[in-house]
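A.B. asks: Provided herewith is a single structure, encoded as structure tokens, for subsequent inquiry.
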Amino acid sequence: MQENQLYRRVLTYLNSLPSVEDSDYANLYSGAKSNDIVLALDDNQTLIDTFLSARLHWKNEKSDRDGSRALILKIRKKDKRRILRPYLQHIHTAFDEIDQRKKEVRLYINAEAETERNGRWRSLPFSHPSTIDTVAMDADVKNKIKSDMESFLKSRQYYHRLGRVWKRSYLLYGPSGTGKSSFVAGMAKFLCYDVYNIDLSNVTDDSDLKMLLLQTTSKSLIVIEDLDRYLAAKSTAVSLSGILNFMDGIFSCCGEERVMVFTMNGKDQIDPTVLRPGRIDVHVYFPLCDFSAFKTLASSHLGLKEHKLFPQVEEVFQTGASLSPAEIGEIMISNRTSPSRAIKTVITALQTNNVDRRGSGNIGQRLTQSLSGRSYEESGECTGSLFSREGSHTIKEFRKLYGLLRRSGRKNSADLDVLEKENSRHEIEVK
Ligand SMILES: Nc1ncnc2c1ncn2[C@@H]1O[C@H](COP(=O)(O)OP(=O)(O)OP(=O)(O)O)[C@@H](O)[C@H]1O
Ligand SMILES: [Mg+2]
């Protein structure tokens with residue numbers, strides 16, 4: 001069921017040869033850079049290569065019957081023994097060099113199920129502009145994730161010595177517009193891994209999901225976005241056990257050097273089996289904007305390190321007001337010609353949002369929703385007192401209280417090693 005890696009390697013190698021230009025038909029594509037032109041051998045075309053003074057004849061064959069593809073190599077009998085193995089080794093080395101040189105991360109998307117035998121993934125150059133550095137978040141958390149990924153990249157021997165599959169998984173969760181998807185893009189670039197983005201609505205059943213996983217290559221980042229939405233709405237043909245197998249089971253039989261990333265808005269409504277220790281290695285919380293994140297955005301979006309209105313912004317944040325980095329970033333982009341106007345608009349938006357939330361009791365509703373998904377012991381009697389005092393609480397107070405509840409709940413949750421920075425609402429848990 002797996003794609004033959006040698007096929008991909010040979011095809012890349014053949015397309016890199018100057019003699020591809022001598023074939024009767026070659027396809028022309030634009031490459032990663034705007035003025036790049038890439039040649040690719042067309043179906044049923046032939047190409048000649050030479051190696052250690054032997055002539056090698058290749059054909060890119062496509063079957064009319066079922067659309068399957070094969071690369072056919074013809075070598076003279078007298079050369080076969082002498083050159084076949086070194087030639088294949090030469091292709092491996094050449095492929096690694098090409099791959100290293102191209103350094104172009106690709107994005108794979110699972111197409112709708114179809115009968116074609118060329119696999120379900122369709123790919124295109126991954127051109128997402130975000131890097132880890134462009135995402136405004138707590139510097140400490142960012143560095144922890146970077147060093148976690150760095151140590152993963154160097155740990156092949158370590159994992160093997162332990163008898164474990166060399167893979168790592170991350171959960172990024174938090175409100176909408178806080179940078180989770182942007183961070184995934186940054187992770188892919190940091191790792192230089194291709195991205196396989198699984199659209200669960202295009203997966204027909206559990207075995208289809210397995211098949212998709214089997215067709216990913218090593219050095220890849222496999223992403224499922226908004227997992228909570230799919231699980232809650234049961235809007236996918238994949239079962240919970242299919243997802244759980246996907247997360248861990250299948251890796252024990254195949255596939256290495258993989259990083260998996262799941263994103264969701266909240267963990268509260270998620271079946272605890274998905275989050276049990278050992279299943280997803282690192283949990284990272286993406287919070288709404290605080291003053292420190294605001295300053296990072298002001299620096300990147302408006303080129304401001306300091307501004308006379310900053311103390312006023314800090315004051316508004318201290319009242320508990322907040323917006324997502326996406327919302328604040330948007331205001332800054334549309335007012336980028338006048339930094340003062342941008343900051344004033346941010347202040348007004350924060351204040352308006354704060355008043356709206358307090359007035360409409362939205363925060364109360366949101367907390368009810370969050371807390372109702374928890375056990376009585378975790379939310380406890382505080383739920384009642386929270387809402388009886390709703391009018392007098394600021395959002396920050398609610399959050400503080402909510403934070404305490406979350407922490408006390410976590411203490412009960414066995415052996416999690418929680419790495420949390422004091423005074424920071426970004427958090428990372430490494431299991
Ligand atoms: N922390 C951040 N730093 C810089 N830009 C951000 C940040 N968060 C969001 N943005 C900007 O806001 C936009 C939306 O962000 P993104 O899609 O990453 O959010 P998300 O957390 O994945 O949201 P959702 O939960 O709705 O999928 C992007 O253009 C991104 O550049
Ligand atoms: Mg997203």
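Chain labels A, B, ... are given in the sequence in which chains occur in the structure tokens; within each chain residues are numbered consecutively from 1, and ligands are likewise numbered from 1 in the order shown.
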Go through the chains and note each residue within 8 Å of ligand 1, using only C-alpha atoms and all ligand atoms, then give the set as an mmCIF file with N, CA and C atoms, in the first residue's frame.
C.D. replies:
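File written: result.cif
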data_model
loop_
_atom_site.group_PDB
_atom_site.id
_atom_site.type_symbol
_atom_site.label_atom_id
_atom_site.label_comp_id
_atom_site.auth_asym_id
_atom_site.auth_seq_id
_atom_site.Cartn_x
_atom_site.Cartn_y
_atom_site.Cartn_z
ATOM 1 N N SER A 130 4.338 32.358 6.864
ATOM 2 C CA SER A 130 4.699 32.374 8.292
ATOM 3 C C SER A 130 5.952 31.564 8.597
ATOM 4 N N THR A 134 7.807 34.727 12.968
ATOM 5 C CA THR A 134 6.792 35.766 12.728
ATOM 6 C C THR A 134 5.554 35.584 13.608
ATOM 7 N N VAL A 135 5.464 34.472 14.324
ATOM 8 C CA VAL A 135 4.306 34.287 15.210
ATOM 9 C C VAL A 135 4.628 34.921 16.564
ATOM 10 N N ALA A 136 3.750 35.860 16.963
ATOM 11 C CA ALA A 136 3.968 36.535 18.245
ATOM 12 C C ALA A 136 3.496 35.614 19.367
ATOM 13 N N MET A 137 4.433 35.179 20.186
ATOM 14 C CA MET A 137 4.062 34.346 21.324
ATOM 15 C C MET A 137 5.179 34.413 22.360
ATOM 16 N N TYR A 173 -3.509 24.264 20.823
ATOM 17 C CA TYR A 173 -4.915 24.582 21.078
ATOM 18 C C TYR A 173 -5.049 25.990 21.623
ATOM 19 N N GLY A 174 -6.216 26.585 21.371
ATOM 20 C CA GLY A 174 -6.457 27.944 21.840
ATOM 21 C C GLY A 174 -7.510 28.586 20.952
ATOM 22 N N PRO A 175 -7.978 29.792 21.343
ATOM 23 C CA PRO A 175 -9.040 30.451 20.593
ATOM 24 C C PRO A 175 -8.662 30.705 19.135
ATOM 25 N N SER A 176 -9.671 31.018 18.369
ATOM 26 C CA SER A 176 -9.474 31.288 16.949
ATOM 27 C C SER A 176 -8.591 32.527 16.748
ATOM 28 N N GLY A 177 -7.756 32.475 15.745
ATOM 29 C CA GLY A 177 -6.949 33.649 15.390
ATOM 30 C C GLY A 177 -5.773 33.893 16.304
ATOM 31 N N THR A 178 -5.296 32.855 16.978
ATOM 32 C CA THR A 178 -4.171 33.060 17.889
ATOM 33 C C THR A 178 -2.855 32.551 17.305
ATOM 34 N N GLY A 179 -2.888 32.042 16.073
ATOM 35 C CA GLY A 179 -1.631 31.708 15.394
ATOM 36 C C GLY A 179 -1.308 30.228 15.294
ATOM 37 N N LYS A 180 -2.281 29.380 15.558
ATOM 38 C CA LYS A 180 -1.984 27.933 15.543
ATOM 39 C C LYS A 180 -1.580 27.459 14.137
ATOM 40 N N SER A 181 -2.417 27.799 13.143
ATOM 41 C CA SER A 181 -2.101 27.343 11.781
ATOM 42 C C SER A 181 -0.803 27.991 11.287
ATOM 43 N N SER A 182 -0.623 29.264 11.637
ATOM 44 C CA SER A 182 0.613 29.938 11.224
ATOM 45 C C SER A 182 1.808 29.240 11.850
ATOM 46 N N PHE A 183 1.637 28.797 13.089
ATOM 47 C CA PHE A 183 2.744 28.135 13.774
ATOM 48 C C PHE A 183 3.061 26.781 13.132
ATOM 49 N N GLU A 225 -6.172 19.678 11.287
ATOM 50 C CA GLU A 225 -6.625 20.934 11.878
ATOM 51 C C GLU A 225 -8.028 20.763 12.439
ATOM 52 N N ASP A 226 -8.332 21.552 13.461
ATOM 53 C CA ASP A 226 -9.681 21.609 14.051
ATOM 54 C C ASP A 226 -10.218 20.236 14.420
ATOM 55 N N THR A 263 -4.557 20.568 15.717
ATOM 56 C CA THR A 263 -4.961 21.859 16.284
ATOM 57 C C THR A 263 -6.412 21.761 16.722
ATOM 58 N N MET A 264 -6.743 22.513 17.761
ATOM 59 C CA MET A 264 -8.135 22.598 18.193
ATOM 60 C C MET A 264 -8.343 23.877 19.003
ATOM 61 N N ASN A 265 -9.604 24.276 19.146
ATOM 62 C CA ASN A 265 -9.880 25.496 19.899
ATOM 63 C C ASN A 265 -9.865 25.254 21.408
ATOM 64 N N PHE A 286 -2.307 28.370 22.931
ATOM 65 C CA PHE A 286 -2.177 29.653 22.243
ATOM 66 C C PHE A 286 -3.235 30.604 22.805
ATOM 67 N N CYS A 289 -4.348 37.801 22.810
ATOM 68 C CA CYS A 289 -3.220 38.732 22.897
ATOM 69 C C CYS A 289 -3.105 39.338 24.301
ATOM 70 N N ALA A 293 2.448 40.370 23.816
ATOM 71 C CA ALA A 293 2.229 39.969 22.414
ATOM 72 C C ALA A 293 1.880 41.187 21.561
ATOM 73 N N LEU A 297 3.637 42.458 18.120
ATOM 74 C CA LEU A 297 2.911 42.758 16.875
ATOM 75 C C LEU A 297 3.186 44.193 16.419
ATOM 76 N N SER A 324 -7.869 38.681 19.726
ATOM 77 C CA SER A 324 -6.895 37.702 19.212
ATOM 78 C C SER A 324 -5.778 38.455 18.489
ATOM 79 N N PRO A 325 -4.592 37.844 18.381
ATOM 80 C CA PRO A 325 -3.525 38.478 17.597
ATOM 81 C C PRO A 325 -3.980 38.731 16.163
ATOM 82 N N ALA A 326 -4.851 37.859 15.633
ATOM 83 C CA ALA A 326 -5.337 38.063 14.264
ATOM 84 C C ALA A 326 -6.111 39.374 14.164
ATOM 85 N N GLU A 327 -6.966 39.640 15.167
ATOM 86 C CA GLU A 327 -7.772 40.870 15.131
ATOM 87 C C GLU A 327 -6.875 42.105 15.273
ATOM 88 N N GLY A 329 -3.648 42.278 14.677
ATOM 89 C CA GLY A 329 -2.781 42.358 13.485
ATOM 90 C C GLY A 329 -3.525 43.019 12.324
ATOM 91 N N GLU A 330 -4.781 42.658 12.180
ATOM 92 C CA GLU A 330 -5.601 43.205 11.088
ATOM 93 C C GLU A 330 -5.732 44.722 11.216
#
A.B. asks: Mind the document's chain letters and residue numbers, and return as a PyMOL selection string the residues of region 180-327 of chain A that DSSP labels alpha helix (DSSP H).
C.D. replies: chain A and resi 180-191+206-214+227-233+240-247+272-275+291-302+310-318+325-327
A.B. asks: Can I get the selection written as a PDB file, in the first residue's frame, with C-alpha atoms?
C.D. replies:
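What follows is the written file selection.pdb:
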ATOM      1  CA  LYS A 180      -1.984  27.933  15.543  1.00  0.00           C
ATOM      2  CA  SER A 181      -2.101  27.343  11.781  1.00  0.00           C
ATOM      3  CA  SER A 182       0.613  29.938  11.224  1.00  0.00           C
ATOM      4  CA  PHE A 183       2.744  28.135  13.774  1.00  0.00           C
ATOM      5  CA  VAL A 184       2.248  24.807  11.994  1.00  0.00           C
ATOM      6  CA  ALA A 185       3.616  26.431   8.843  1.00  0.00           C
ATOM      7  CA  GLY A 186       6.551  27.739  10.847  1.00  0.00           C
ATOM      8  CA  MET A 187       7.217  24.276  12.262  1.00  0.00           C
ATOM      9  CA  ALA A 188       7.312  22.761   8.758  1.00  0.00           C
ATOM     10  CA  LYS A 189       9.844  25.333   7.626  1.00  0.00           C
ATOM     11  CA  PHE A 190      11.886  24.934  10.775  1.00  0.00           C
ATOM     12  CA  LEU A 191      12.047  21.165  10.301  1.00  0.00           C
ATOM     13  CA  ASP A 206     -10.852   4.378   9.098  1.00  0.00           C
ATOM     14  CA  SER A 207      -8.972   2.265   6.600  1.00  0.00           C
ATOM     15  CA  ASP A 208      -8.847   5.184   4.182  1.00  0.00           C
ATOM     16  CA  LEU A 209      -7.180   7.215   6.929  1.00  0.00           C
ATOM     17  CA  LYS A 210      -4.648   4.428   7.440  1.00  0.00           C
ATOM     18  CA  MET A 211      -4.019   4.350   3.714  1.00  0.00           C
ATOM     19  CA  LEU A 212      -3.352   8.089   3.654  1.00  0.00           C
ATOM     20  CA  LEU A 213      -0.876   7.744   6.471  1.00  0.00           C
ATOM     21  CA  LEU A 214       0.882   4.880   4.717  1.00  0.00           C
ATOM     22  CA  LEU A 227      -9.808  18.080  15.391  1.00  0.00           C
ATOM     23  CA  ASP A 228     -12.237  19.108  18.153  1.00  0.00           C
ATOM     24  CA  ARG A 229     -14.754  20.330  15.590  1.00  0.00           C
ATOM     25  CA  TYR A 230     -14.678  17.028  13.707  1.00  0.00           C
ATOM     26  CA  LEU A 231     -14.915  14.942  16.826  1.00  0.00           C
ATOM     27  CA  ALA A 232     -17.731  17.039  18.303  1.00  0.00           C
ATOM     28  CA  ALA A 233     -19.827  17.267  15.158  1.00  0.00           C
ATOM     29  CA  LEU A 240     -12.708   7.919  17.332  1.00  0.00           C
ATOM     30  CA  SER A 241     -10.808   4.645  17.376  1.00  0.00           C
ATOM     31  CA  GLY A 242      -9.705   5.330  13.803  1.00  0.00           C
ATOM     32  CA  ILE A 243      -8.248   8.635  14.989  1.00  0.00           C
ATOM     33  CA  LEU A 244      -6.569   6.975  17.974  1.00  0.00           C
ATOM     34  CA  ASN A 245      -5.030   4.291  15.772  1.00  0.00           C
ATOM     35  CA  PHE A 246      -3.896   6.988  13.438  1.00  0.00           C
ATOM     36  CA  MET A 247      -2.229   8.821  16.329  1.00  0.00           C
ATOM     37  CA  PRO A 272     -10.001  12.113  27.373  1.00  0.00           C
ATOM     38  CA  THR A 273      -8.599   9.087  25.561  1.00  0.00           C
ATOM     39  CA  VAL A 274      -7.377  11.413  22.803  1.00  0.00           C
ATOM     40  CA  LEU A 275      -5.403  13.410  25.349  1.00  0.00           C
ATOM     41  CA  PHE A 291       0.396  43.388  26.284  1.00  0.00           C
ATOM     42  CA  SER A 292       3.636  41.608  25.572  1.00  0.00           C
ATOM     43  CA  ALA A 293       2.229  39.969  22.414  1.00  0.00           C
ATOM     44  CA  PHE A 294       0.789  43.351  21.435  1.00  0.00           C
ATOM     45  CA  LYS A 295       4.273  44.889  21.607  1.00  0.00           C
ATOM     46  CA  THR A 296       5.664  42.119  19.414  1.00  0.00           C
ATOM     47  CA  LEU A 297       2.911  42.758  16.875  1.00  0.00           C
ATOM     48  CA  ALA A 298       3.482  46.532  17.036  1.00  0.00           C
ATOM     49  CA  SER A 299       7.153  45.946  16.343  1.00  0.00           C
ATOM     50  CA  SER A 300       6.608  43.590  13.411  1.00  0.00           C
ATOM     51  CA  HIS A 301       3.547  45.298  11.879  1.00  0.00           C
ATOM     52  CA  LEU A 302       4.269  48.983  12.593  1.00  0.00           C
ATOM     53  CA  PHE A 310       1.834  52.072  24.981  1.00  0.00           C
ATOM     54  CA  PRO A 311       1.112  52.766  28.704  1.00  0.00           C
ATOM     55  CA  GLN A 312      -2.525  53.361  27.780  1.00  0.00           C
ATOM     56  CA  VAL A 313      -2.627  50.066  25.870  1.00  0.00           C
ATOM     57  CA  GLU A 314      -1.116  48.274  28.846  1.00  0.00           C
ATOM     58  CA  GLU A 315      -3.792  49.766  31.088  1.00  0.00           C
ATOM     59  CA  VAL A 316      -6.573  48.469  28.872  1.00  0.00           C
ATOM     60  CA  PHE A 317      -5.032  45.006  28.886  1.00  0.00           C
ATOM     61  CA  GLN A 318      -4.884  45.214  32.682  1.00  0.00           C
ATOM     62  CA  PRO A 325      -3.525  38.478  17.597  1.00  0.00           C
ATOM     63  CA  ALA A 326      -5.337  38.063  14.264  1.00  0.00           C
ATOM     64  CA  GLU A 327      -7.772  40.870  15.131  1.00  0.00           C
TER      65      GLU A 327
END
A.B. asks: So which one's closest to ligand 2, A:Val346, A:Asn197, A:Ser53, A:Ile333? Using only C-alpha atoms and all ligand atoms, please.
C.D. replies: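 With only C-alpha atoms and all ligand atoms as the atom set, the closest residue is A:Asn197.
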A.B. asks: Would you mind telling me which residue in A:Val203, A:Val105, A:Leu172, A:Leu84 lies nearest to Arg120 (chain A) when using only C-alpha atoms?
C.D. replies: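 Of A:Val203, A:Val105, A:Leu172, A:Leu84, the one nearest Arg120 (chain A) is A:Val203, counting only C-alpha atoms.
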A.B. asks: Just checking: using only C-alpha atoms and all ligand atoms, which residue out of A:Ile224, A:Ile37, A:Met149, A:Cys192 ends up closest to ligand 2?
C.D. replies: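 That would be A:Ile224, the residue with the smallest distance to ligand 2.
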A.B. asks: Set the distance at 8 Å and use only C-alpha atoms: which residues neighbour Tyr170 (chain A) once local chain neighbours fewer than 6 positions away are removed? I'd like the list as an MDAnalysis selection string.
C.D. replies: chainID A and resid 259:262 280:284
A.B. asks: Determine which residues of region 264-294 of chain A receive a DSSP assignment of strand (DSSP E or B), computed from the backbone, and state them as a list of chain:residue names.
C.D. replies: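 Output for region 264-294 of chain A, strand (DSSP E or B) only: A:Met264, A:Val282, A:His283, A:Val284, A:Tyr285.
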A.B. asks: Go ahead and save the residues from that selection, with N, CA and C atoms, as an mmCIF file, in the first residue's frame.
C.D. replies:
data_model
loop_
_atom_site.group_PDB
_atom_site.id
_atom_site.type_symbol
_atom_site.label_atom_id
_atom_site.label_comp_id
_atom_site.auth_asym_id
_atom_site.auth_seq_id
_atom_site.Cartn_x
_atom_site.Cartn_y
_atom_site.Cartn_z
ATOM 1 N N MET A 264 -6.743 22.513 17.761
ATOM 2 C CA MET A 264 -8.135 22.598 18.193
ATOM 3 C C MET A 264 -8.343 23.877 19.003
ATOM 4 N N VAL A 282 3.450 16.753 23.155
ATOM 5 C CA VAL A 282 3.588 18.133 23.637
ATOM 6 C C VAL A 282 2.282 18.894 23.414
ATOM 7 N N HIS A 283 1.783 19.532 24.472
ATOM 8 C CA HIS A 283 0.576 20.351 24.346
ATOM 9 C C HIS A 283 0.977 21.829 24.449
ATOM 10 N N VAL A 284 0.549 22.624 23.512
ATOM 11 C CA VAL A 284 0.904 24.049 23.580
ATOM 12 C C VAL A 284 -0.365 24.885 23.506
ATOM 13 N N TYR A 285 -0.527 25.771 24.482
ATOM 14 C CA TYR A 285 -1.706 26.624 24.508
ATOM 15 C C TYR A 285 -1.410 27.949 23.809
#
A.B. asks: For the atom pair CA of Glu112 (chain A) and CA of Asp205 (chain A), what is the interatomic distance in Å to one decimal place?
C.D. replies: 12.0 Å
A.B. asks: From the list A:Asn353, A:Ser239, A:Asp64, A:Thr46, which residue is nearest Leu200 (chain A) when using only C-alpha atoms?
C.D. replies: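 Closest residue, counting only C-alpha atoms: A:Ser239.
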A.B. asks: Have a look at CA of Tyr7 (chain A) and CA of Leu107 (chain A) and let me know their distance in Å, one decimal.
C.D. replies: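 The value is 19.6 Å.
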A.B. asks: Which is closer to ligand 2 than all the others in A:Ala349, A:Ile331, A:Leu304, A:Val223, using only C-alpha atoms and all ligand atoms?
C.D. replies: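 The answer is A:Val223, which sits nearest to ligand 2.
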